[in-house]
Amino acid sequence: MKFRKNVLLPFVAAASLVAAAPSALAATFKMAVGDAAGGTQWELGTSFAKSFEQKTGGKHKVDLFPNGQLGSEEDTINNASMGVLDFSILAVNNITPFSPTVGLLTMPYVIQSAEDAKKLTQGEVGKELAANTIRDAGVRIVGWAYSGFRVLTNSKKPVRTLDDLKGLVIRVPKNEIMIASYQAWGVNPTPMSWSETFTGLQQRVVDGQDNPYITVSAMKFYEVQKYITNVRYIFSLEPLVVSESVFQEQKPDVQKAILDAGREATEHSFKYLLETEEKIKKDLVARGMQITEPADGEKEWIAKATTAVWPKFYKSIGGKEKLDRALKTLGR
C-alpha cells in the first residue's frame, strides 16, 4: 500500500491521542466525528452505526466521538491511515491534502445542486476518487454526508457584493482551493483548524466563516454570527472513511456489512438534507440571523472564482480532463 509519507509524518504524534490500535476481533469500533452532535456528520454516523449493528447481528457496534474528541479532522484521517483509528467522518477538504484528486469536489461552482453532488459521489467519478484515497491515504470512503452549500457568515455587516467583503477577516479550512477562491474575490483569508473556529469567531479573531446551514445550527454559530450570505460556491460533502488496514482485517461478512451500511447511511443523509435544510434556515432567522442573497445572481463571484481557481488546480486534481469529465457528467 502506498502512503504519502511527506504528508503523514508531521501528524504521527497525533496517534498517541487514540488509546490503542483496534483489533480485527474488536466488538466495538471507534468513529471520530468532526462536528458536534446534531449535524449531518452525526446523522450519517448514527445511521451507519445502527445499520452496521443490525447487519452483524449485534456482534459489532460503533461508538461515536463527536466534536473533535479524538483530535482534529486532519489528525483523524492520519490516524485512520495508520490503522490506529477505525472510522472518521470529516469534511472532504480535509482529505484533499492526503489525496489531492479529491479536490475536484471542492472546485468552486462545479456542484450546483444536491442532485449534482449525489451524481458525482455515487457515480464513476466518485468511485475513482474513492479508489484514489485508498491508494494515497490508506483509507476507504464508505459513505457520504450531504450537508448543503457552504454559506458565508459574519458578525459585522450584510454582504451582497465582493466589495462588501473588503475589511472582513474570514476563516477558511487549511485547503488550498478554498483559500484561492477567497483570494480570487479579493480577500486574504485566515486558515484555521475546525476545532479553533468557534472560539476564533467568539473572540473576534476572525469575523466570519463559511459552512452549510446545518453546520451553522449544529455548532451554534448563531451565538457569535449575525449575517448570512447565501453563496453557493462549494457544496459541502463529508465522507465517512474506514481505515483500509482495519477494513482488510475484517472477515468478508463484516466487510460487506460496512459497505452496505455505508450505502444505506448515504441515502439517509441525502434525504435528511432535503427534509431539514429549509426548517433550519427558518430557525436561524428566528434566532436573529439575517440571510442576504448575493447580488446579480452571484455572477461576479462565479466569474472570478472559476477563471482564477480552476486552471490553477487542474494538475492537482489529475488534469483538466478530470474536471471536463465531471462537468459532462452533470450535463454541462
# chains A, B, ... in the order shown; residues from 1 in each chain; ligands from 1
$ residues_around --residues "region 38-40 of chain A" --least-positions-apart "6" --cutoff "7 Å" --atoms "only C-alpha atoms" --output "PyMOL selection string"
chain A and resi 145+147+214-215+218+269
$ residues_around --residues "region 115-124 of chain A" --least-positions-apart "3" --cutoff "9 Å" --atoms "only C-alpha atoms" --output "compact mmCIF listing (two decimals) with all heavy atoms, in the first residue's frame"
# COMPACT_ATOMS: atom_id res chain seq x y z
N LEU A 105 -13.89 17.84 -5.95
CA LEU A 105 -15.19 18.08 -5.33
C LEU A 105 -15.27 19.40 -4.58
O LEU A 105 -16.34 19.79 -4.13
CB LEU A 105 -15.54 16.93 -4.37
CG LEU A 105 -15.64 15.54 -5.02
CD1 LEU A 105 -15.85 14.46 -3.97
CD2 LEU A 105 -16.77 15.50 -6.06
N VAL A 110 -18.52 23.95 -9.30
CA VAL A 110 -18.69 22.74 -10.10
C VAL A 110 -20.03 22.10 -9.74
O VAL A 110 -20.86 21.81 -10.61
CB VAL A 110 -17.53 21.75 -9.88
CG1 VAL A 110 -17.86 20.39 -10.50
CG2 VAL A 110 -16.25 22.30 -10.50
N ILE A 111 -20.26 21.88 -8.45
CA ILE A 111 -21.52 21.31 -7.97
C ILE A 111 -22.51 22.45 -7.76
O ILE A 111 -22.23 23.40 -7.02
CB ILE A 111 -21.30 20.54 -6.66
CG1 ILE A 111 -20.39 19.33 -6.92
CG2 ILE A 111 -22.64 20.08 -6.07
CD1 ILE A 111 -20.00 18.58 -5.66
N GLN A 112 -23.66 22.38 -8.40
CA GLN A 112 -24.64 23.46 -8.33
C GLN A 112 -25.97 23.05 -7.71
O GLN A 112 -26.90 23.84 -7.64
CB GLN A 112 -24.86 24.05 -9.73
CG GLN A 112 -23.59 24.67 -10.30
CD GLN A 112 -23.81 25.40 -11.61
OE1 GLN A 112 -24.92 25.46 -12.13
NE2 GLN A 112 -22.74 25.95 -12.17
N LYS A 127 -16.40 6.91 -7.59
CA LYS A 127 -15.71 5.62 -7.42
C LYS A 127 -14.21 5.76 -7.66
O LYS A 127 -13.39 5.18 -6.94
CB LYS A 127 -16.31 4.58 -8.37
CG LYS A 127 -17.73 4.16 -8.01
CD LYS A 127 -18.29 3.19 -9.06
CE LYS A 127 -19.73 2.82 -8.73
NZ LYS A 127 -20.33 1.94 -9.77
N GLU A 128 -13.85 6.55 -8.66
CA GLU A 128 -12.44 6.76 -8.95
C GLU A 128 -11.75 7.52 -7.81
O GLU A 128 -10.65 7.17 -7.39
CB GLU A 128 -12.28 7.54 -10.25
CG GLU A 128 -10.83 7.81 -10.63
CD GLU A 128 -10.70 8.55 -11.94
OE1 GLU A 128 -11.26 8.06 -12.95
OE2 GLU A 128 -10.05 9.61 -11.95
N LEU A 129 -12.41 8.55 -7.30
CA LEU A 129 -11.83 9.32 -6.20
C LEU A 129 -11.69 8.46 -4.94
O LEU A 129 -10.71 8.58 -4.20
CB LEU A 129 -12.69 10.55 -5.91
CG LEU A 129 -12.76 11.60 -7.03
CD1 LEU A 129 -13.71 12.72 -6.65
CD2 LEU A 129 -11.38 12.14 -7.36
N ALA A 130 -12.68 7.60 -4.70
CA ALA A 130 -12.61 6.70 -3.55
C ALA A 130 -11.43 5.73 -3.67
O ALA A 130 -10.72 5.45 -2.70
CB ALA A 130 -13.92 5.93 -3.39
N TRP A 144 -21.19 8.97 2.42
CA TRP A 144 -21.12 10.41 2.23
C TRP A 144 -22.23 11.10 3.00
O TRP A 144 -23.38 10.67 2.96
CB TRP A 144 -21.28 10.77 0.76
CG TRP A 144 -20.17 10.32 -0.14
CD1 TRP A 144 -20.11 9.14 -0.85
CD2 TRP A 144 -18.97 11.03 -0.44
NE1 TRP A 144 -18.94 9.08 -1.57
CE2 TRP A 144 -18.22 10.23 -1.34
CE3 TRP A 144 -18.44 12.26 -0.05
CZ2 TRP A 144 -16.99 10.62 -1.84
CZ3 TRP A 144 -17.21 12.66 -0.55
CH2 TRP A 144 -16.49 11.85 -1.44
N TYR A 146 -24.28 14.55 2.90
CA TYR A 146 -24.60 15.68 2.03
C TYR A 146 -25.09 16.82 2.92
O TYR A 146 -26.17 16.74 3.51
CB TYR A 146 -25.67 15.28 1.01
CG TYR A 146 -25.24 14.13 0.13
CD1 TYR A 146 -25.66 12.83 0.39
CD2 TYR A 146 -24.40 14.35 -0.96
CE1 TYR A 146 -25.27 11.77 -0.42
CE2 TYR A 146 -23.99 13.29 -1.77
CZ TYR A 146 -24.43 12.01 -1.49
OH TYR A 146 -24.03 10.97 -2.29
N PHE A 235 -20.39 22.90 -2.47
CA PHE A 235 -21.36 22.05 -1.80
C PHE A 235 -20.59 21.17 -0.82
O PHE A 235 -19.66 20.46 -1.20
CB PHE A 235 -22.10 21.18 -2.81
CG PHE A 235 -23.27 20.42 -2.23
CD1 PHE A 235 -24.56 20.93 -2.33
CD2 PHE A 235 -23.08 19.21 -1.57
CE1 PHE A 235 -25.64 20.23 -1.78
CE2 PHE A 235 -24.14 18.52 -1.03
CZ PHE A 235 -25.43 19.03 -1.14
N SER A 236 -20.97 21.23 0.44
CA SER A 236 -20.21 20.54 1.48
C SER A 236 -20.50 19.05 1.49
O SER A 236 -21.63 18.61 1.70
CB SER A 236 -20.54 21.13 2.86
OG SER A 236 -19.68 20.59 3.84
N LEU A 237 -19.46 18.28 1.25
CA LEU A 237 -19.52 16.82 1.29
C LEU A 237 -18.63 16.32 2.42
O LEU A 237 -17.50 16.80 2.58
CB LEU A 237 -19.04 16.24 -0.04
CG LEU A 237 -19.94 16.54 -1.24
CD1 LEU A 237 -19.19 16.34 -2.54
CD2 LEU A 237 -21.18 15.65 -1.19
N PHE A 270 -28.81 12.01 2.33
CA PHE A 270 -29.37 12.82 1.26
C PHE A 270 -30.82 13.21 1.56
O PHE A 270 -31.21 14.39 1.42
CB PHE A 270 -29.30 12.05 -0.06
CG PHE A 270 -29.68 12.87 -1.26
CD1 PHE A 270 -28.81 13.79 -1.80
CD2 PHE A 270 -30.93 12.71 -1.85
CE1 PHE A 270 -29.16 14.55 -2.90
CE2 PHE A 270 -31.29 13.47 -2.95
CZ PHE A 270 -30.41 14.39 -3.48
N ALA A 326 -16.23 15.59 -15.16
CA ALA A 326 -17.23 15.84 -14.12
C ALA A 326 -18.33 16.76 -14.63
O ALA A 326 -19.52 16.50 -14.41
CB ALA A 326 -16.56 16.46 -12.89
N THR A 329 -20.58 14.87 -16.90
CA THR A 329 -21.46 14.01 -16.11
C THR A 329 -22.67 14.78 -15.61
O THR A 329 -23.78 14.25 -15.52
CB THR A 329 -20.69 13.42 -14.91
OG1 THR A 329 -19.62 12.60 -15.40
CG2 THR A 329 -21.60 12.57 -14.03
N LEU A 330 -22.45 16.06 -15.33
CA LEU A 330 -23.51 16.92 -14.81
C LEU A 330 -24.29 17.60 -15.91
O LEU A 330 -25.16 18.43 -15.63
CB LEU A 330 -22.91 17.96 -13.85
CG LEU A 330 -22.18 17.40 -12.63
CD1 LEU A 330 -21.56 18.53 -11.83
CD2 LEU A 330 -23.12 16.57 -11.76
$ select_by_dssp --residues "region 67-189 of chain A" --states "strand (DSSP E or B)" --output "MDAnalysis selection string"
chainID A and resid 87:89 139:149 151:154 170:172
$ closest_residue --among "A:Gly331, A:Pro212, A:Pro158, A:Gly45" --to "Glu278 (chain A)" --atoms "only C-alpha atoms"
A:Pro212
$ atom_distance --atom1 "CA of Asp210 (chain A)" --atom2 "CA of Ile141 (chain A)"
24.1 Å
